[in-house]
$ cat protein-v8.tsv   # TSV, C-alpha atoms and all ligand atoms
chain	number	residue	atom	x	y	z
H	11	LEU	CA	-21.21	19.69	14.33
H	12	ASN	CA	-20.17	23.16	13.41
H	13	LYS	CA	-16.54	23.58	12.42
H	14	ASN	CA	-16.55	27.07	13.90
H	15	ASP	CA	-17.11	25.71	17.36
H	16	ASP	CA	-13.48	24.79	17.64
H	17	SER	CA	-11.92	27.84	16.09
H	18	ARG	CA	-11.16	29.24	19.50
H	19	VAL	CA	-8.72	26.40	20.03
H	20	SER	CA	-6.41	27.72	17.35
H	21	ARG	CA	-7.28	31.34	18.02
H	22	GLY	CA	-5.87	31.10	21.50
H	23	HIS	CA	-2.30	30.17	20.83
H	24	LEU	CA	-1.62	30.32	17.13
H	25	HIS	CA	-2.87	33.78	16.32
H	26	PRO	CA	-2.60	36.11	19.29
H	27	ARG	CA	-3.37	39.18	17.16
H	28	ILE	CA	-6.07	37.55	15.12
H	29	GLY	CA	-8.68	40.06	16.17
H	30	ASN	CA	-6.95	42.93	14.40
H	31	GLN	CA	-6.11	40.90	11.35
H	32	ALA	CA	-9.61	39.57	11.02
H	33	ALA	CA	-10.98	43.08	11.18
H	34	ARG	CA	-8.61	44.22	8.48
H	35	TYR	CA	-9.48	41.34	6.18
H	36	ARG	CA	-13.18	41.29	6.84
H	37	LYS	CA	-14.02	43.80	4.14
H	38	SER	CA	-12.05	41.96	1.48
H	39	ILE	CA	-14.11	38.76	1.67
H	40	PRO	CA	-16.85	38.75	-0.95
H	41	PRO	CA	-20.15	37.43	0.37
H	42	VAL	CA	-20.17	33.65	0.54
H	43	GLU	CA	-23.39	33.50	-1.53
H	44	GLU	CA	-21.81	35.47	-4.36
H	45	LEU	CA	-18.56	33.49	-4.32
H	46	THR	CA	-20.45	30.19	-4.29
H	47	ALA	CA	-22.66	31.19	-7.22
H	48	ARG	CA	-19.72	32.34	-9.29
H	49	LEU	CA	-17.74	29.22	-8.46
H	50	LEU	CA	-20.62	26.97	-9.52
H	51	ASP	CA	-20.68	28.98	-12.74
H	52	GLY	CA	-17.09	27.89	-13.39
H	53	ASP	CA	-15.55	31.28	-12.63
H	54	ARG	CA	-11.83	30.65	-12.10
H	55	SER	CA	-11.15	33.71	-9.98
H	56	ALA	CA	-13.99	32.72	-7.66
H	57	LEU	CA	-12.48	29.25	-7.47
H	58	SER	CA	-9.05	30.67	-6.60
H	59	ARG	CA	-10.64	32.92	-4.04
H	60	ALA	CA	-12.53	30.08	-2.40
H	61	ILE	CA	-9.36	27.96	-2.26
H	62	THR	CA	-7.52	30.85	-0.62
H	63	LEU	CA	-10.21	30.99	2.05
H	64	VAL	CA	-9.95	27.25	2.66
H	65	GLU	CA	-6.15	27.49	2.87
H	66	SER	CA	-6.14	30.50	5.17
H	67	THR	CA	-5.03	30.29	8.77
H	68	LEU	CA	-7.42	33.06	9.76
H	69	PRO	CA	-10.43	31.58	11.56
H	70	GLU	CA	-12.76	34.03	9.83
H	71	HIS	CA	-11.53	32.96	6.39
H	72	GLN	CA	-11.62	29.32	7.37
H	73	ALA	CA	-15.23	29.69	8.43
H	74	ALA	CA	-16.13	31.29	5.11
H	75	GLY	CA	-14.23	28.56	3.25
H	76	ALA	CA	-15.95	25.82	5.22
H	77	GLU	CA	-19.32	27.40	4.50
H	78	ILE	CA	-18.60	27.44	0.76
H	79	VAL	CA	-17.51	23.79	0.86
H	80	ARG	CA	-20.74	22.94	2.67
H	81	ARG	CA	-22.82	24.72	0.03
H	82	ILE	CA	-21.11	23.19	-2.99
H	83	LEU	CA	-21.12	19.66	-1.59
H	84	PRO	CA	-24.13	18.52	-3.67
H	85	TYR	CA	-22.18	19.42	-6.82
H	86	THR	CA	-19.09	17.37	-6.00
H	87	GLY	CA	-17.91	13.81	-6.50
H	88	ARG	CA	-18.33	13.57	-10.24
H	89	SER	CA	-14.66	13.67	-11.17
H	90	PHE	CA	-11.96	11.08	-11.57
H	91	ARG	CA	-9.37	11.79	-8.89
H	92	ILE	CA	-5.86	10.67	-9.76
H	93	GLY	CA	-2.94	10.74	-7.30
H	94	ILE	CA	0.65	10.78	-8.52
H	95	THR	CA	3.65	10.13	-6.30
H	96	GLY	CA	7.35	9.77	-6.99
H	97	VAL	CA	10.71	11.10	-5.88
H	98	PRO	CA	11.83	14.55	-7.07
H	99	GLY	CA	13.08	14.24	-10.62
H	100	ALA	CA	11.01	11.15	-11.41
H	101	GLY	CA	9.17	13.20	-14.00
H	102	LYS	CA	5.85	13.85	-12.25
H	103	SER	CA	5.38	17.37	-13.61
H	104	THR	CA	6.37	16.28	-17.11
H	105	PHE	CA	4.00	13.33	-16.97
H	106	ILE	CA	1.14	15.40	-15.57
H	107	ASP	CA	1.66	17.98	-18.31
H	108	GLY	CA	1.23	15.23	-20.89
H	109	LEU	CA	-1.62	13.56	-19.03
H	110	GLY	CA	-3.51	16.82	-18.55
H	111	THR	CA	-2.99	17.84	-22.15
H	112	ALA	CA	-4.34	14.49	-23.34
H	113	TYR	CA	-7.40	14.90	-21.15
H	114	VAL	CA	-8.02	18.45	-22.37
H	115	ARG	CA	-7.81	17.18	-25.94
H	116	ARG	CA	-10.56	14.70	-25.03
H	117	GLY	CA	-12.77	17.51	-23.85
H	118	HIS	CA	-12.15	17.24	-20.12
H	119	ARG	CA	-11.40	20.03	-17.69
H	120	VAL	CA	-8.33	19.29	-15.62
H	121	ALA	CA	-7.25	20.57	-12.21
H	122	VAL	CA	-3.75	19.88	-10.92
H	123	LEU	CA	-3.23	20.18	-7.17
H	124	ALA	CA	-0.32	19.30	-4.91
H	125	VAL	CA	0.45	18.15	-1.41
H	126	ASP	CA	3.90	19.10	-0.19
H	127	PRO	CA	4.17	19.12	3.60
H	128	SER	CA	7.92	19.70	3.50
H	129	GLY	CA	7.28	23.41	3.34
H	130	VAL	CA	10.24	23.90	1.01
H	131	ARG	CA	9.13	26.67	-1.29
H	132	ASN	CA	10.66	28.91	-3.95
H	133	LYS	CA	13.46	26.56	-4.86
H	134	GLY	CA	12.17	25.71	-8.29
H	135	SER	CA	10.98	22.49	-6.72
H	136	ILE	CA	7.45	23.70	-6.07
H	137	LEU	CA	5.00	20.95	-6.76
H	138	GLY	CA	2.43	21.79	-9.34
H	139	ASP	CA	5.12	23.92	-10.91
H	140	LYS	CA	3.70	25.78	-13.90
H	141	THR	CA	7.08	26.17	-15.54
H	142	ARG	CA	7.27	22.39	-15.99
H	143	MET	CA	3.68	22.18	-17.13
H	144	THR	CA	4.02	24.65	-19.95
H	145	ARG	CA	1.39	23.19	-22.25
H	146	LEU	CA	-1.17	22.63	-19.57
H	147	ALA	CA	-0.59	26.03	-17.93
H	148	LYS	CA	-1.62	27.69	-21.19
H	149	SER	CA	-4.90	25.82	-21.48
H	150	ASP	CA	-8.19	27.44	-20.52
H	151	ALA	CA	-9.51	24.01	-19.60
H	152	ALA	CA	-6.78	23.50	-16.97
H	153	PHE	CA	-6.31	24.86	-13.48
H	154	ILE	CA	-2.99	24.47	-11.67
H	155	ARG	CA	-2.62	25.17	-7.99
H	156	PRO	CA	0.58	24.62	-5.96
H	157	SER	CA	0.64	23.06	-2.52
H	158	PRO	CA	-0.84	24.98	0.38
H	159	SER	CA	1.66	25.79	3.10
H	160	GLY	CA	1.48	24.78	6.71
H	161	ASN	CA	3.41	22.86	9.30
H	162	ARG	CA	0.90	20.14	10.10
H	163	PRO	CA	0.96	17.64	7.22
H	164	GLY	CA	-2.58	16.46	7.90
H	165	GLY	CA	-3.73	20.06	7.80
H	166	VAL	CA	-1.96	20.72	4.51
H	167	ALA	CA	-3.50	17.62	2.96
H	168	ARG	CA	-6.97	18.38	4.28
H	169	LYS	CA	-6.91	21.71	2.50
H	170	THR	CA	-6.10	19.93	-0.74
H	171	ARG	CA	-8.94	17.52	-0.14
H	172	GLU	CA	-11.36	20.41	0.24
H	173	THR	CA	-9.82	22.04	-2.84
H	174	ILE	CA	-10.69	18.90	-4.83
H	175	LEU	CA	-14.33	19.45	-3.92
H	176	LEU	CA	-14.18	23.12	-4.91
H	177	CYS	CA	-12.63	22.21	-8.27
H	178	GLU	CA	-15.31	19.61	-8.93
H	179	ALA	CA	-18.03	22.11	-8.16
H	180	ALA	CA	-16.39	24.52	-10.61
H	181	GLY	CA	-16.70	21.91	-13.35
H	182	PHE	CA	-13.31	20.20	-13.35
H	183	ASP	CA	-13.86	16.51	-14.00
H	184	ARG	CA	-10.31	15.18	-13.98
H	185	ILE	CA	-8.34	16.05	-10.84
H	186	VAL	CA	-4.66	15.24	-10.52
H	187	VAL	CA	-3.01	15.45	-7.10
H	188	GLU	CA	0.77	15.37	-7.07
H	189	THR	CA	2.95	14.61	-4.07
H	190	VAL	CA	6.47	13.69	-3.10
H	191	GLY	CA	6.85	10.91	-0.60
H	192	VAL	CA	7.49	13.11	2.40
H	193	GLY	CA	6.24	11.80	5.72
H	194	GLN	CA	2.64	10.78	5.55
H	195	SER	CA	1.89	12.68	2.37
H	196	GLU	CA	1.45	9.53	0.30
H	197	ILE	CA	-1.09	8.15	2.73
H	198	TYR	CA	-2.98	11.41	2.61
H	199	VAL	CA	-3.03	11.61	-1.18
H	200	HIS	CA	-3.96	7.94	-1.43
H	201	SER	CA	-6.85	8.79	0.88
H	202	MET	CA	-8.26	11.46	-1.41
H	203	THR	CA	-7.91	9.84	-4.82
H	204	ASP	CA	-9.57	7.06	-6.83
H	205	LEU	CA	-6.38	5.88	-8.51
H	206	PHE	CA	-2.96	6.14	-6.90
H	207	VAL	CA	-0.05	6.06	-9.33
H	208	LEU	CA	3.58	5.48	-8.42
H	209	LEU	CA	5.94	7.09	-10.92
H	210	LYS	CA	9.37	5.47	-10.71
H	211	LEU	CA	12.76	6.18	-12.17
H	212	PRO	CA	14.37	3.22	-13.88
H	213	GLY	CA	16.21	1.87	-10.83
H	214	ALA	CA	19.71	0.55	-10.83
H	215	GLY	CA	18.98	-2.83	-9.30
H	216	ASP	CA	17.99	-1.55	-5.89
H	217	GLU	CA	14.36	-1.00	-6.69
H	218	LEU	CA	13.03	-2.40	-3.47
H	219	GLN	CA	15.31	-0.34	-1.27
H	220	GLY	CA	14.06	2.83	-2.84
H	221	ILE	CA	10.51	1.94	-1.99
H	222	LYS	CA	8.98	3.03	1.23
H	223	ARG	CA	7.12	0.46	3.18
H	224	GLY	CA	3.48	0.41	2.32
H	225	ILE	CA	3.76	2.06	-1.05
H	226	MET	CA	3.35	-1.24	-2.87
H	227	GLU	CA	0.11	-1.80	-1.02
H	228	MET	CA	-1.10	1.66	-1.90
H	229	ALA	CA	-0.17	1.85	-5.57
H	230	ASP	CA	-2.93	1.05	-8.07
H	231	MET	CA	-0.60	1.55	-11.01
H	232	ILE	CA	3.17	1.68	-11.37
H	233	LEU	CA	4.81	3.62	-14.17
H	234	ILE	CA	8.54	3.32	-14.81
H	235	ASN	CA	9.26	6.68	-16.39
H	236	LYS	CA	12.02	7.80	-18.76
H	237	ALA	CA	11.80	4.63	-20.83
H	238	ASP	CA	13.60	6.25	-23.72
H	239	GLY	CA	17.16	6.74	-25.00
H	240	ASP	CA	19.83	5.20	-22.81
H	241	LEU	CA	17.36	4.32	-20.08
H	242	LEU	CA	14.97	2.29	-22.24
H	243	ASP	CA	16.44	-1.13	-21.41
H	244	GLU	CA	16.85	-0.30	-17.77
H	245	ALA	CA	13.22	0.86	-17.57
H	246	ARG	CA	11.93	-2.32	-19.19
H	247	ARG	CA	13.99	-4.40	-16.81
H	248	ALA	CA	12.62	-2.44	-13.86
H	249	ALA	CA	9.07	-2.99	-15.12
H	250	GLY	CA	9.68	-6.74	-15.27
H	251	PHE	CA	11.20	-6.62	-11.82
H	252	PHE	CA	8.14	-4.92	-10.38
H	253	ARG	CA	5.73	-7.31	-12.03
H	254	ASN	CA	7.60	-10.14	-10.34
H	255	ALA	CA	7.87	-8.31	-7.04
H	256	LEU	CA	4.11	-7.81	-6.96
H	257	GLN	CA	3.69	-11.54	-7.32
H	258	TRP	CA	6.11	-12.21	-4.48
H	259	PHE	CA	4.12	-9.83	-2.36
H	260	GLY	CA	1.19	-12.06	-3.15
H	261	SER	CA	-0.90	-9.06	-3.99
H	262	ALA	CA	-4.45	-10.04	-4.81
H	263	ARG	CA	-4.97	-6.77	-6.61
H	264	GLN	CA	-4.20	-6.23	-10.24
H	265	VAL	CA	-1.52	-3.55	-10.35
H	266	PRO	CA	-0.49	-2.75	-13.90
H	267	VAL	CA	3.21	-1.99	-14.37
H	268	THR	CA	4.26	-0.07	-17.47
H	269	ALA	CA	7.52	1.35	-18.75
H	270	LEU	CA	6.79	4.77	-20.16
H	271	SER	CA	8.38	7.79	-21.76
H	272	SER	CA	6.53	10.89	-20.64
H	273	LEU	CA	8.02	12.66	-23.64
H	274	ASP	CA	5.97	10.50	-26.02
H	275	PRO	CA	2.32	11.64	-26.40
H	276	THR	CA	1.29	8.29	-27.91
H	277	GLN	CA	2.44	6.43	-24.81
H	278	ILE	CA	0.66	8.95	-22.62
H	279	GLU	CA	-2.53	8.31	-24.60
H	280	ASP	CA	-2.16	4.60	-23.87
H	281	VAL	CA	-1.84	5.31	-20.16
H	282	VAL	CA	-4.90	7.58	-20.25
H	283	ASN	CA	-6.89	4.82	-21.96
H	284	ARG	CA	-5.86	2.40	-19.26
H	285	MET	CA	-6.72	4.85	-16.47
H	286	GLU	CA	-10.14	5.50	-17.96
H	287	GLU	CA	-10.76	1.79	-18.21
H	288	ILE	CA	-9.95	1.41	-14.52
H	289	TYR	CA	-12.22	4.36	-13.67
H	290	ARG	CA	-15.13	2.78	-15.54
H	291	ARG	CA	-14.54	-0.51	-13.78
H	292	LEU	CA	-14.35	1.16	-10.37
H	293	LYS	CA	-17.65	2.91	-11.01
H	294	THR	CA	-19.61	-0.04	-12.33
H	295	SER	CA	-18.35	-2.48	-9.70
H	296	GLY	CA	-19.26	-0.16	-6.85
H	297	GLU	CA	-15.64	-0.08	-5.70
H	298	LEU	CA	-15.42	3.66	-6.26
H	299	LYS	CA	-18.20	4.32	-3.80
H	300	GLN	CA	-16.68	1.93	-1.25
H	301	ARG	CA	-13.28	3.52	-1.57
H	302	ARG	CA	-14.66	7.03	-1.19
H	303	ASP	CA	-16.77	5.98	1.79
H	304	ARG	CA	-13.64	4.64	3.50
H	305	GLN	CA	-11.88	7.89	2.70
H	306	GLN	CA	-14.65	9.94	4.30
H	307	ILE	CA	-14.24	7.97	7.50
H	308	PHE	CA	-10.45	8.31	7.32
H	309	TRP	CA	-10.78	12.09	7.12
H	310	PHE	CA	-13.27	12.18	9.93
H	311	ASP	CA	-10.82	10.29	12.16
H	312	GLU	CA	-7.85	12.24	10.91
H	313	THR	CA	-9.47	15.64	11.40
H	314	PHE	CA	-10.61	14.72	14.88
H	315	ARG	CA	-7.11	13.53	15.83
H	316	ASP	CA	-5.72	16.77	14.47
H	317	LYS	CA	-8.14	18.83	16.57
H	318	LEU	CA	-7.24	16.80	19.61
H	319	ASP	CA	-3.54	17.48	19.04
H	320	LEU	CA	-4.25	21.17	18.65
H	321	PHE	CA	-6.12	21.17	21.93
H	322	LEU	CA	-3.46	19.19	23.78
H	323	ASN	CA	-0.60	21.31	22.47
H	324	GLY	CA	-2.49	24.55	22.89
H	325	ASP	CA	-3.01	24.05	26.61
H	326	SER	CA	0.18	24.91	28.51
H	327	ARG	CA	-0.95	23.11	31.67
H	328	LEU	CA	-1.54	19.89	29.71
H	329	ARG	CA	1.74	20.30	27.86
H	330	HIS	CA	3.53	20.60	31.17
H	331	ILE	CA	1.80	17.62	32.78
H	332	ARG	CA	2.44	15.46	29.74
H	333	GLN	CA	6.13	16.32	29.69
H	334	SER	CA	6.66	15.64	33.38
H	335	LEU	CA	4.76	12.34	33.10
H	336	LYS	CA	7.08	11.30	30.29
H	337	GLU	CA	10.07	12.08	32.48
H	338	LYS	CA	8.59	10.05	35.32
H	339	ILE	CA	8.01	7.11	32.98
H	340	ILE	CA	11.64	7.21	31.85
H	341	SER	CA	12.94	7.39	35.42
H	342	GLY	CA	10.71	4.51	36.43
H	343	LYS	CA	8.56	6.48	38.85
H	344	ILE	CA	5.31	5.64	37.12
H	345	THR	CA	4.10	3.04	34.67
H	346	PRO	CA	3.05	4.19	31.20
H	347	PHE	CA	-0.45	2.95	31.98
H	348	ASP	CA	-0.84	4.91	35.17
H	349	ALA	CA	0.67	7.93	33.45
H	350	ALA	CA	-1.90	7.66	30.66
H	351	GLU	CA	-4.66	7.47	33.25
H	352	THR	CA	-3.34	10.55	35.03
H	353	PHE	CA	-3.03	12.44	31.79
H	354	TRP	CA	-6.53	11.40	30.75
H	355	ASN	CA	-7.95	12.85	33.96
H	356	ALA	CA	-6.01	16.09	33.46
H	357	PHE	CA	-7.35	16.24	29.90
H	358	ILE	CA	-10.96	15.79	31.01
H	359	GLU	CA	-10.44	18.50	33.59
H	360	SER	CA	-9.06	20.93	31.02
H	361	LEU	CA	-11.89	20.14	28.68
H	362	ALA	CA	-14.48	20.85	31.36
H	363	SER	CA	-12.89	24.13	32.40
H	364	SER	CA	-12.51	25.29	28.79
H	365	ARG	CA	-16.24	24.64	28.29
H	366	LYS	CA	-17.09	26.67	31.35
H	367	GLY	CA	-14.85	29.51	30.20
H	368	ARG	CA	-16.78	30.07	26.99
H	401	LIG	N1	14.31	11.37	-21.04
H	401	LIG	C1	13.25	11.65	-20.29
H	401	LIG	N2	13.30	12.70	-19.44
H	401	LIG	C2	12.21	12.97	-18.69
H	401	LIG	C3	11.02	12.20	-18.77
H	401	LIG	N3	10.13	12.70	-17.91
H	401	LIG	C4	10.73	13.74	-17.29
H	401	LIG	N4	11.98	13.92	-17.77
H	401	LIG	C5	12.97	14.92	-17.33
H	401	LIG	O1	13.30	14.69	-15.98
H	401	LIG	C6	13.54	15.91	-15.30
H	401	LIG	C7	12.65	16.00	-14.07
H	401	LIG	O2	11.28	16.05	-14.49
H	401	LIG	P1	10.12	16.69	-13.59
H	401	LIG	O3	8.87	16.53	-14.38
H	401	LIG	O4	10.48	18.07	-13.19
H	401	LIG	O5	10.16	15.74	-12.33
H	401	LIG	P2	9.38	15.88	-10.92
H	401	LIG	O6	10.36	16.45	-9.96
H	401	LIG	O7	9.02	14.48	-10.55
H	401	LIG	O8	8.20	16.75	-11.14
H	401	LIG	C8	13.26	17.01	-16.32
H	401	LIG	O9	14.48	17.44	-16.85
H	401	LIG	C9	12.41	16.33	-17.36
H	401	LIG	O10	12.57	16.92	-18.63
H	401	LIG	C10	11.01	11.09	-19.71
H	401	LIG	O11	10.03	10.36	-19.84
H	401	LIG	N5	12.13	10.88	-20.43
H	402	MG	MG	7.58	18.57	-10.19
$ encode --input "protein-v8.tsv" --output "structure tokens"
Amino acid sequence: LNKNDDSRVSRGHLHPRIGNQAARYRKSIPPVEELTARLLDGDRSALSRAITLVESTLPEHQAAGAEIVRRILPYTGRSFRIGITGVPGAGKSTFIDGLGTAYVRRGHRVAVLAVDPSGVRNKGSILGDKTRMTRLAKSDAAFIRPSPSGNRPGGVARKTRETILLCEAAGFDRIVVETVGVGQSEIYVHSMTDLFVLLKLPGAGDELQGIKRGIMEMADMILINKADGDLLDEARRAAGFFRNALQWFGSARQVPVTALSSLDPTQIEDVVNRMEEIYRRLKTSGELKQRRDRQQIFWFDETFRDKLDLFLNGDSRLRHIRQSLKEKIISGKITPFDAAETFWNAFIESLASSRKGR
């Protein structure tokens, strides 16, 4: 299936003046062959360029980006993908700065990416913020890229997933994806990483309330951050609490819980050792492959659903029919089941006529 086949869906309603824009930008796209070769050579500007294409809303750029991803696919998959989630202020950027620096010291090349579907930018709260990752930002062996923008969370996350592949092809072998728990973002990041880490603040007794449903099932490792100074005792207590809580949940999985100060490089080293141990185990047991296989299927389903939504919302007739059916359901004029049947038939009709119109 060619991704380009569906570009007309978004072209129709999202970018009415796309033709002009595409013409203006056409010249500025370096040939895909050249960009791919340079990227595989580890050229950072080619990597940035390719990511920009993947993130673009212009169909022409998207097509070029998709083509690059297709070409570099054989050179991907050989990194350890680590997801980090936690509320703002939990210390994610500080921790990632330490984590990345430790990895660079061990000879790895580290890429830090972010998924932030909230769309809140330029407030100093940008994920993947270089000002918080001062040590890492200076390193030649590190690449930091903030969250792509966009209003469809699945779309935002998919771009990051493709960016992971581009980074791997460019030689980055430790990929860190940061997110805040907005909407579905945790599910998305969990679905693109090998190890999903929950970074927690030392809670004040209400640990469970602060935890979104499902996060305990998703986390592969829980770190209680800021275990230093006045918060040391509180952090240790929280760690104990979580170890117990995991038992109550009856979790069959081994989820390590550690109190940590991200300001202490020695403690970061310990965490890195533990992460690497898990990575080795995942690889040798075959779990890594299984997990990534499941993720591939998740993204297939997710991307298809997303395309379907785009189609449904992009067709004004369908939008109208759907809305009036909903009103009829509420006023008791039609059952939800009959309404779904009616809408299905309208959908099939639209699909057929859009095929004919091409
Ligand atoms: N005492 C202490 N402060 C920390 C620690 N980790 C982060 N911080 C501080 O917590 C604040 C928020 O950290 P930041 O990394 O920006 O959090 P993020 O929003 O999750 O990325 C900053 O002032 C950090 O210096 C830690 O382990 N101990
Ligand atoms: Mg941050």
$ atom_distance --input "protein-v8.tsv" --atom1 "atom CA of H:Met285" --atom2 "atom CA of H:Pro266"
10.2 Å
$ closest_atom_pairs --input "protein-v8.tsv" --of "chain H" --to "ligand LIG 401 (chain H)" --cutoff "7 Å" --atoms "all atoms listed in the file" --output "Markdown table"
| residue | atom | partner | partner_atom | distance |
| --- | --- | --- | --- | --- |
| H:Gly96 | CA | H:LIG401 | O7 | 6.1 |
| H:Val97 | CA | H:LIG401 | O7 | 6.0 |
| H:Pro98 | CA | H:LIG401 | O6 | 3.8 |
| H:Gly99 | CA | H:LIG401 | O6 | 3.6 |
| H:Ala100 | CA | H:LIG401 | O7 | 4.0 |
| H:Gly101 | CA | H:LIG401 | O5 | 3.2 |
| H:Lys102 | CA | H:LIG401 | O7 | 3.7 |
| H:Ser103 | CA | H:LIG401 | O3 | 3.7 |
| H:Thr104 | CA | H:LIG401 | O3 | 3.7 |
| H:Phe105 | CA | H:LIG401 | N3 | 6.2 |
| H:Ser135 | CA | H:LIG401 | O6 | 6.9 |
| H:Leu137 | CA | H:LIG401 | O8 | 6.9 |
| H:Arg142 | CA | H:LIG401 | O4 | 6.1 |
| H:Asn235 | CA | H:LIG401 | O11 | 5.1 |
| H:Lys236 | CA | H:LIG401 | O11 | 3.4 |
| H:Ala237 | CA | H:LIG401 | O11 | 6.1 |
| H:Asp238 | CA | H:LIG401 | N1 | 5.8 |
| H:Gly239 | CA | H:LIG401 | N1 | 6.7 |
| H:Leu270 | CA | H:LIG401 | O11 | 6.5 |
| H:Ser271 | CA | H:LIG401 | O11 | 3.6 |
| H:Ser272 | CA | H:LIG401 | O11 | 3.6 |
| H:Leu273 | CA | H:LIG401 | O11 | 4.9 |
$ write_last_selection --input "protein-v8.tsv" --atoms "C-alpha atoms" --output "PDB file, in the frame of the given file"
ATOM      1  CA  GLY H  96       7.350   9.770  -6.990  1.00  0.00           C
ATOM      2  CA  VAL H  97      10.710  11.100  -5.880  1.00  0.00           C
ATOM      3  CA  PRO H  98      11.830  14.550  -7.070  1.00  0.00           C
ATOM      4  CA  GLY H  99      13.080  14.240 -10.620  1.00  0.00           C
ATOM      5  CA  ALA H 100      11.010  11.150 -11.410  1.00  0.00           C
ATOM      6  CA  GLY H 101       9.170  13.200 -14.000  1.00  0.00           C
ATOM      7  CA  LYS H 102       5.850  13.850 -12.250  1.00  0.00           C
ATOM      8  CA  SER H 103       5.380  17.370 -13.610  1.00  0.00           C
ATOM      9  CA  THR H 104       6.370  16.280 -17.110  1.00  0.00           C
ATOM     10  CA  PHE H 105       4.000  13.330 -16.970  1.00  0.00           C
ATOM     11  CA  SER H 135      10.980  22.490  -6.720  1.00  0.00           C
ATOM     12  CA  LEU H 137       5.000  20.950  -6.760  1.00  0.00           C
ATOM     13  CA  ARG H 142       7.270  22.390 -15.990  1.00  0.00           C
ATOM     14  CA  ASN H 235       9.260   6.680 -16.390  1.00  0.00           C
ATOM     15  CA  LYS H 236      12.020   7.800 -18.760  1.00  0.00           C
ATOM     16  CA  ALA H 237      11.800   4.630 -20.830  1.00  0.00           C
ATOM     17  CA  ASP H 238      13.600   6.250 -23.720  1.00  0.00           C
ATOM     18  CA  GLY H 239      17.160   6.740 -25.000  1.00  0.00           C
ATOM     19  CA  LEU H 270       6.790   4.770 -20.160  1.00  0.00           C
ATOM     20  CA  SER H 271       8.380   7.790 -21.760  1.00  0.00           C
ATOM     21  CA  SER H 272       6.530  10.890 -20.640  1.00  0.00           C
ATOM     22  CA  LEU H 273       8.020  12.660 -23.640  1.00  0.00           C
TER      23      LEU H 273
END
$ atom_distance --input "protein-v8.tsv" --atom1 "atom CA of H:Arg302" --atom2 "atom CA of H:Val199"
12.5 Å
$ atom_distance --input "protein-v8.tsv" --atom1 "atom CA of H:Tyr113" --atom2 "atom CA of H:Glu279"
8.9 Å
$ closest_residue --input "protein-v8.tsv" --among "H:Phe182, H:Phe310, H:Phe321, H:Phe90" --to "H:Tyr289" --atoms "all atoms listed in the file"
H:Phe90
